[in-house]
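Listing of input.txt; format and content: compact mmCIF, C-alpha atoms.
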# COMPACT_ATOMS: atom_id res chain seq x y z
CA MET A 1 0.00 0.00 0.00
CA PRO A 2 2.40 2.76 -1.12
CA ILE A 3 0.67 6.05 -0.29
CA CYS A 4 1.61 9.51 -1.57
CA ARG A 5 0.04 12.98 -1.32
CA ILE A 6 -0.97 15.00 -4.33
CA PRO A 7 -2.93 18.21 -4.94
CA GLY A 8 -6.59 17.33 -5.43
CA PRO A 9 -8.92 18.83 -8.04
CA ASP A 10 -9.83 21.65 -5.64
CA GLY A 11 -6.19 22.30 -4.81
CA ARG A 12 -6.37 20.69 -1.40
CA PRO A 13 -3.99 17.80 -0.65
CA GLU A 14 -5.31 14.27 -0.92
CA TYR A 15 -3.88 10.80 -0.47
CA ALA A 16 -3.33 8.49 -3.40
CA TYR A 17 -1.85 5.12 -4.18
CA TYR A 18 1.58 5.38 -5.79
CA GLN A 19 2.70 2.60 -8.11
CA ASN A 20 5.01 2.54 -11.15
CA ASN A 21 5.03 6.35 -11.22
CA GLN A 22 1.25 6.44 -11.43
CA VAL A 23 -1.28 7.62 -8.86
CA CYS A 24 -4.83 6.64 -7.93
CA PRO A 25 -6.61 9.01 -5.50
CA LEU A 26 -8.07 7.04 -2.59
CA ARG A 27 -11.38 8.89 -2.97
CA LEU A 28 -11.92 6.99 -6.23
CA VAL A 29 -11.74 3.55 -4.62
CA MET A 30 -12.96 4.08 -1.05
CA ASP A 31 -16.33 5.13 0.34
CA ALA A 32 -14.54 7.84 2.31
CA ALA A 33 -10.91 8.78 1.82
CA PRO A 34 -9.02 8.80 5.13
CA SER A 35 -8.13 12.00 6.88
CA GLU A 36 -4.57 12.61 7.99
CA ALA A 37 -5.48 11.45 11.50
CA GLU A 38 -7.05 8.25 10.15
CA LEU A 39 -4.34 7.33 7.67
CA PHE A 40 -1.85 6.04 10.22
CA GLY A 41 -4.41 3.61 11.61
CA LEU A 42 -4.97 1.94 8.24
CA ARG A 43 -3.51 -1.40 7.29
CA SER A 44 -3.60 -3.28 4.01
CA ASP A 45 -6.86 -5.06 4.88
CA ASP A 46 -8.64 -1.70 5.26
CA VAL A 47 -8.10 -0.54 1.69
CA PRO A 48 -8.45 -2.05 -1.80
CA ASN A 49 -5.55 -3.98 -3.26
CA PRO A 50 -3.84 -1.63 -5.75
CA ASP A 51 -3.45 -4.51 -8.20
CA SER A 52 -7.24 -4.89 -8.37
CA ILE A 53 -7.96 -1.24 -9.21
CA ALA A 54 -9.29 -0.55 -12.68
CA ALA A 55 -6.87 1.05 -15.13
CA GLU A 56 -9.08 4.12 -15.64
CA HIS A 57 -8.50 5.16 -12.01
CA TRP A 58 -4.74 5.50 -12.57
CA SER A 59 -3.03 8.53 -14.06
CA PRO A 60 0.59 9.66 -14.43
CA ALA A 61 2.05 10.98 -11.18
CA PRO A 62 2.67 14.73 -11.07
CA GLU A 63 6.30 15.77 -11.46
CA ALA A 64 6.21 17.16 -7.91
CA LEU A 65 4.52 15.35 -5.04
CA LEU A 66 3.60 16.73 -1.65
CA PRO A 67 5.44 15.33 1.36
CA PRO A 68 3.79 11.97 2.15
CA VAL A 69 3.70 12.90 5.85
CA PRO A 70 2.11 16.34 6.25
CA THR A 71 3.74 18.75 8.72
CA PRO A 72 5.22 16.25 11.18
CA GLU A 73 5.10 17.39 14.79
CA LYS A 74 8.58 15.91 15.22
CA VAL A 75 11.34 15.45 12.67
CA ILE A 76 13.92 13.49 14.65
CA CYS A 77 17.30 12.54 13.21
CA ILE A 78 20.01 10.12 14.31
CA GLY A 79 23.59 11.12 13.56
CA LEU A 80 26.59 8.83 12.98
CA ASN A 81 24.37 5.76 12.99
CA TYR A 82 26.07 3.81 10.18
CA ARG A 83 29.19 2.09 11.36
CA ASP A 84 30.88 2.57 7.98
CA HIS A 85 29.96 6.29 7.96
CA ALA A 86 31.38 6.82 11.46
CA ILE A 87 34.60 5.18 10.30
CA GLU A 88 34.88 7.40 7.20
CA THR A 89 34.52 10.55 9.33
CA ASN A 90 37.12 9.31 11.86
CA SER A 91 34.48 9.55 14.58
CA PRO A 92 34.28 7.21 17.58
CA ILE A 93 31.46 4.67 17.40
CA PRO A 94 28.69 6.25 19.52
CA SER A 95 27.79 4.49 22.76
CA GLU A 96 24.24 5.86 22.56
CA PRO A 97 22.22 7.45 19.74
CA VAL A 98 23.28 10.92 18.61
CA VAL A 99 19.98 12.79 18.34
CA PHE A 100 19.13 16.09 16.67
CA ASN A 101 16.05 17.46 14.96
CA LYS A 102 14.71 19.57 12.14
CA PHE A 103 11.69 21.85 12.12
CA SER A 104 8.68 20.94 9.98
CA THR A 105 9.38 23.92 7.68
CA SER A 106 12.33 21.92 6.34
CA VAL A 107 10.03 19.22 4.91
CA ILE A 108 9.36 19.13 1.15
CA GLY A 109 8.20 16.43 -1.25
CA HIS A 110 9.54 14.54 -4.24
CA GLY A 111 10.23 16.87 -7.17
CA GLN A 112 10.24 20.02 -5.07
CA ALA A 113 13.39 22.14 -5.00
CA ILE A 114 16.09 22.22 -2.34
CA GLN A 115 16.83 25.90 -1.76
CA LEU A 116 20.54 26.42 -1.15
CA PRO A 117 20.90 29.24 1.40
CA SER A 118 23.07 32.24 0.57
CA ILE A 119 24.65 32.09 4.03
CA SER A 120 26.10 28.60 3.54
CA GLN A 121 28.81 27.47 1.13
CA LYS A 122 29.08 23.87 2.33
CA VAL A 123 25.70 22.19 1.82
CA ASP A 124 26.01 18.39 1.85
CA TYR A 125 23.79 15.44 0.94
CA GLU A 126 22.73 12.50 3.14
CA ALA A 127 20.47 9.66 1.95
CA GLU A 128 18.40 7.99 4.66
CA LEU A 129 15.68 5.46 5.44
CA VAL A 130 12.97 7.29 7.40
CA VAL A 131 10.60 5.68 9.91
CA VAL A 132 7.01 6.97 10.09
CA ILE A 133 5.36 6.51 13.49
CA GLY A 134 1.79 5.22 13.42
CA ARG A 135 0.91 4.66 17.07
CA GLU A 136 1.47 6.95 20.05
CA GLY A 137 3.84 5.76 22.73
CA ARG A 138 6.08 6.76 25.63
CA ASP A 139 8.69 4.57 27.37
CA ILE A 140 8.24 1.94 24.67
CA PRO A 141 10.03 -1.37 25.32
CA VAL A 142 12.37 -2.50 22.56
CA VAL A 143 10.31 -5.67 22.03
CA ASP A 144 7.17 -3.58 21.35
CA ALA A 145 8.78 -0.81 19.30
CA MET A 146 7.83 -2.07 15.85
CA GLN A 147 4.15 -2.06 16.84
CA HIS A 148 4.42 1.74 16.82
CA VAL A 149 5.71 1.97 13.23
CA TYR A 150 3.29 2.77 10.42
CA GLY A 151 5.82 2.50 7.62
CA TYR A 152 8.85 3.93 5.88
CA THR A 153 9.82 6.54 3.32
CA CYS A 154 12.97 7.90 1.69
CA GLY A 155 14.57 10.95 3.28
CA HIS A 156 17.33 13.41 2.45
CA ASP A 157 19.04 14.98 5.45
CA VAL A 158 20.44 18.05 3.70
CA SER A 159 23.17 19.55 5.91
CA ALA A 160 24.98 22.89 5.95
CA ARG A 161 28.34 21.72 7.29
CA ASP A 162 29.70 25.24 7.81
CA TRP A 163 26.86 25.86 10.28
CA GLN A 164 26.68 22.37 11.75
CA LYS A 165 30.39 22.24 12.61
CA GLY A 166 31.88 25.64 11.84
CA ARG A 167 30.10 27.82 14.39
CA PRO A 168 30.65 28.24 18.16
CA GLY A 169 29.45 25.11 19.93
CA GLY A 170 28.53 23.38 16.69
CA GLN A 171 25.14 24.59 15.50
CA TRP A 172 23.63 21.21 14.59
CA LEU A 173 20.04 22.44 14.65
CA LEU A 174 20.68 25.49 12.47
CA GLY A 175 22.89 23.57 10.06
CA LYS A 176 20.23 20.91 9.56
CA THR A 177 16.96 22.81 9.54
CA PHE A 178 17.10 25.41 6.78
CA ASP A 179 13.82 25.49 4.86
CA THR A 180 13.64 22.60 2.33
CA PHE A 181 16.43 20.62 4.09
CA ALA A 182 14.25 17.53 4.77
CA PRO A 183 12.87 16.11 1.50
CA LEU A 184 10.58 13.09 2.06
CA GLY A 185 8.95 10.73 -0.43
CA PRO A 186 7.93 9.80 -2.96
CA CYS A 187 5.57 7.64 -0.91
CA VAL A 188 5.19 5.82 2.40
CA VAL A 189 5.15 2.03 2.39
CA THR A 190 3.60 0.23 5.33
CA THR A 191 5.25 -2.39 7.50
CA ASP A 192 3.15 -4.99 5.64
CA GLU A 193 5.13 -4.22 2.49
CA LEU A 194 8.49 -3.76 4.18
CA PRO A 195 8.28 -6.10 7.17
CA ASP A 196 12.02 -6.31 7.84
CA PRO A 197 13.99 -3.03 7.61
CA SER A 198 17.16 -4.55 9.09
CA ASN A 199 19.04 -5.03 5.80
CA VAL A 200 17.66 -2.50 3.30
CA ARG A 201 19.90 -0.92 0.67
CA VAL A 202 20.17 2.89 0.86
CA GLN A 203 21.84 4.92 -1.90
CA MET A 204 22.38 8.51 -2.98
CA GLU A 205 22.69 9.31 -6.67
CA LEU A 206 24.16 12.75 -7.37
CA ASN A 207 23.90 13.94 -10.97
CA GLY A 208 23.66 10.34 -12.19
CA GLU A 209 26.54 8.97 -10.08
CA ILE A 210 26.06 6.73 -7.03
CA VAL A 211 27.95 8.46 -4.21
CA GLN A 212 26.49 6.66 -1.18
CA ASP A 213 25.74 2.95 -1.01
CA SER A 214 25.25 0.79 2.07
CA THR A 215 22.54 -1.15 3.90
CA THR A 216 20.73 -0.75 7.19
CA ALA A 217 22.63 -3.82 8.41
CA GLN A 218 25.34 -1.21 9.17
CA LEU A 219 23.11 0.65 11.65
CA ILE A 220 24.76 0.95 15.04
CA PHE A 221 21.38 1.42 16.71
CA ASP A 222 18.62 -0.46 14.91
CA ILE A 223 15.10 0.85 14.54
CA PRO A 224 13.55 -0.82 17.64
CA THR A 225 16.46 0.36 19.80
CA THR A 226 16.17 3.89 18.40
CA ILE A 227 12.41 4.09 19.00
CA ALA A 228 12.75 2.78 22.56
CA HIS A 229 15.53 5.30 23.28
CA LEU A 230 13.67 8.30 21.89
CA SER A 231 10.47 7.41 23.72
CA LYS A 232 12.29 7.74 27.05
CA PHE A 233 12.40 11.49 26.39
CA VAL A 234 9.36 12.36 24.27
CA THR A 235 5.97 10.94 23.41
CA LEU A 236 6.12 9.64 19.85
CA LYS A 237 2.93 10.42 17.93
CA PRO A 238 1.39 9.29 14.62
CA GLY A 239 3.04 11.19 11.79
CA ASP A 240 6.32 11.79 13.60
CA VAL A 241 9.29 10.85 11.42
CA ILE A 242 12.71 9.49 12.36
CA PHE A 243 15.69 9.84 10.00
CA THR A 244 17.73 6.76 10.86
CA GLY A 245 21.19 7.86 9.70
CA THR A 246 23.22 8.05 6.51
CA PRO A 247 25.70 5.70 4.78
CA PRO A 248 29.31 6.61 3.96
CA GLY A 249 30.13 8.75 0.95
CA VAL A 250 28.94 12.17 2.12
CA GLY A 251 30.52 15.09 0.29
CA ASP A 252 32.16 16.59 3.36
CA ALA A 253 34.25 13.42 3.85
CA LYS A 254 35.62 13.37 0.30
CA ASP A 255 39.05 14.69 -0.70
CA PRO A 256 38.49 17.29 -1.97
CA PRO A 257 35.04 17.85 -0.40
CA VAL A 258 31.98 17.91 -2.67
CA TYR A 259 29.15 20.29 -1.83
CA LEU A 260 25.80 20.84 -3.50
CA ARG A 261 25.49 23.53 -6.15
CA PRO A 262 22.54 25.02 -8.06
CA GLY A 263 21.31 22.57 -10.68
CA ASP A 264 22.53 19.46 -8.83
CA ARG A 265 20.06 16.57 -8.96
CA CYS A 266 19.89 14.38 -5.84
CA SER A 267 18.10 11.02 -5.77
CA VAL A 268 17.70 8.95 -2.61
CA ILE A 269 17.09 5.32 -3.57
CA VAL A 270 15.80 2.89 -0.93
CA ASP A 271 15.00 -0.70 -1.83
CA GLY A 272 11.34 -1.54 -1.24
CA ILE A 273 10.26 2.11 -1.28
CA GLY A 274 11.43 3.91 -4.42
CA THR A 275 13.35 7.00 -5.46
CA LEU A 276 13.11 10.49 -3.98
CA THR A 277 14.49 13.11 -6.36
CA ASN A 278 15.05 16.82 -5.75
CA THR A 279 17.00 19.45 -7.67
CA CYS A 280 18.99 22.19 -5.96
CA GLN A 281 18.34 25.86 -6.60

Is it possible to give me this structure as structure tokens?
Amino acid sequence: MPICRIPGPDGRPEYAYYQNNQVCPLRLVMDAAPSEAELFGLRSDDVPNPDSIAAEHWSPAPEALLPPVPTPEKVICIGLNYRDHAIETNSPIPSEPVVFNKFSTSVIGHGQAIQLPSISQKVDYEAELVVVIGREGRDIPVVDAMQHVYGYTCGHDVSARDWQKGRPGGQWLLGKTFDTFAPLGPCVVTTDELPDPSNVRVQMELNGEIVQDSTTAQLIFDIPTTIAHLSKFVTLKPGDVIFTGTPPGVGDAKDPPVYLRPGDRCSVIVDGIGTLTNTCQ
């Protein structure tokens, strides 16, 4: 049940199936299309099988999609969570999750533009698997953590390194949360479709070249451990998203470094989900 968000006929966002770069608005195949609050309670049995939907209900997907998770209350990110990425940056392997966040104004969808800020000259790319929370929880035991997951999407943790690391104290929040610095999409797939996220391939393609390539088997803190840890501090709510970390190959670690420039085309590719593409401006 890959779900995306598109502008409806009246201009208001609506949910749609997303398959083979085509969309089918849920209102065409359900008695009542789910609201945002209802979506995260749905499972595959609650909606029609996309393979059974008549061809006339499908149409080409728009070039730009809306973020599949609208205005998350929390955009939580885990830093240095791939063992091979920590090694490439000469960083010690963390003994507990490195947590930071972005504001919801950083969230954009597939096909929307990443706006490179004039006050940063070192904007970097980071491909990530993103967890979408579907059930509220606090102090969640590790063994129950996956019951709180609705699904997964592709994410791009765009990072201004000169703000993240080059300012007094290290301004992680400011370096990570410029507007448009959290692309998500193109769709969300449920845990029914991606039941085991423990060894999923995550790649970044920059201008046609694969520059990041690893799997979630390299995660230092797996998804259940991460959810349990975060829920010790905050109540996780439906629609919250968790960026789980990035593989090696980031531009800041290259010699010489590679930073994003206007016209660059970034594609996050996650097996079992799809491809999230954004162009820099």

Problem set entry | Computed interatomic separation between atom CA of Gln121 of chain A and atom CA of Ser267 of chain A (Å) |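 Between atom CA of Gln121 of chain A and atom CA of Ser267 of chain A the gap is 20.8 Å.
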
Exercise. Of the residues A:Ile140, A:Ala253, A:Val69, A:Ala127, which is the one nearest to Asp213 of chain A, using all atoms listed in the file?
Worked result: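 Residue with the minimum atom-to-atom distance to Asp213 of chain A: A:Ala127.
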
For this session: Pick out the residues sitting within 12 Å of Ala54 of chain A, and hand them over as an NGL selection string; count only C-alpha atoms, and ignore anything fewer than 5 positions along from it in its own chain.
Result: :A and (24 or 28-29 or 48-49 or 59)

For this session: Pick out the closest residue to Gly137 of chain A from this set: A:Asp255, A:Asp240, A:Asp264, A:Glu209. Count all atoms listed in the file.
Result: A:Asp240

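Neighbours of Leu173 of chain A closer than or equal to 7 Å, with only C-alpha atoms counted and sequence neighbours fewer than 6 positions away skipped, come out as Phe100, Asn101 and Lys102 of chain A.
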
Exercise. Can you tell me how far atom CA of Pro257 of chain A sits from atom CA of Gln164 of chain A, in Å to one decimal?
Worked result: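 Interatomic distance, atom CA of Pro257 of chain A to atom CA of Gln164 of chain A: 15.4 Å.
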
For this session: Go through A:Gln112, A:Thr177, A:Ser118, A:Asn278 one by one, measure the shortest atom-to-atom distance of each to Cys77 of chain A using all atoms listed in the file, and give the residue with the smallest value.
Result: A:Thr177

Problem set entry | Distance query 10 Å from (15.1, 13.8, 13.0) using only C-alpha atoms, result as a PyMOL selection string | chain A and resi 74-79+99-103+130-131+157+176-177+182+240-245

For this session: Just the residues within 12 Å of Arg83 of chain A, please, counting only C-alpha atoms, with nothing from its chain fewer than 5 positions along; format it as a list in words.
Result: Glu88, Thr89, Asn90, Ser91, Pro92, Ile93, Pro94, Ser95, Ser214, Thr215, Thr216, Ala217, Gln218, Leu219, Ile220, Phe221, Asp222, Gly245, Thr246, Pro247 and Pro248 of chain A

Output C-alpha atoms for every residue in the selection just made, as a PDB file, keeping the file's coordinate frame.
ATOM      1  CA  GLU A  88      34.880   7.400   7.200  1.00  0.00           C
ATOM      2  CA  THR A  89      34.520  10.550   9.330  1.00  0.00           C
ATOM      3  CA  ASN A  90      37.120   9.310  11.860  1.00  0.00           C
ATOM      4  CA  SER A  91      34.480   9.550  14.580  1.00  0.00           C
ATOM      5  CA  PRO A  92      34.280   7.210  17.580  1.00  0.00           C
ATOM      6  CA  ILE A  93      31.460   4.670  17.400  1.00  0.00           C
ATOM      7  CA  PRO A  94      28.690   6.250  19.520  1.00  0.00           C
ATOM      8  CA  SER A  95      27.790   4.490  22.760  1.00  0.00           C
ATOM      9  CA  SER A 214      25.250   0.790   2.070  1.00  0.00           C
ATOM     10  CA  THR A 215      22.540  -1.150   3.900  1.00  0.00           C
ATOM     11  CA  THR A 216      20.730  -0.750   7.190  1.00  0.00           C
ATOM     12  CA  ALA A 217      22.630  -3.820   8.410  1.00  0.00           C
ATOM     13  CA  GLN A 218      25.340  -1.210   9.170  1.00  0.00           C
ATOM     14  CA  LEU A 219      23.110   0.650  11.650  1.00  0.00           C
ATOM     15  CA  ILE A 220      24.760   0.950  15.040  1.00  0.00           C
ATOM     16  CA  PHE A 221      21.380   1.420  16.710  1.00  0.00           C
ATOM     17  CA  ASP A 222      18.620  -0.460  14.910  1.00  0.00           C
ATOM     18  CA  GLY A 245      21.190   7.860   9.700  1.00  0.00           C
ATOM     19  CA  THR A 246      23.220   8.050   6.510  1.00  0.00           C
ATOM     20  CA  PRO A 247      25.700   5.700   4.780  1.00  0.00           C
ATOM     21  CA  PRO A 248      29.310   6.610   3.960  1.00  0.00           C
TER      22      PRO A 248
END
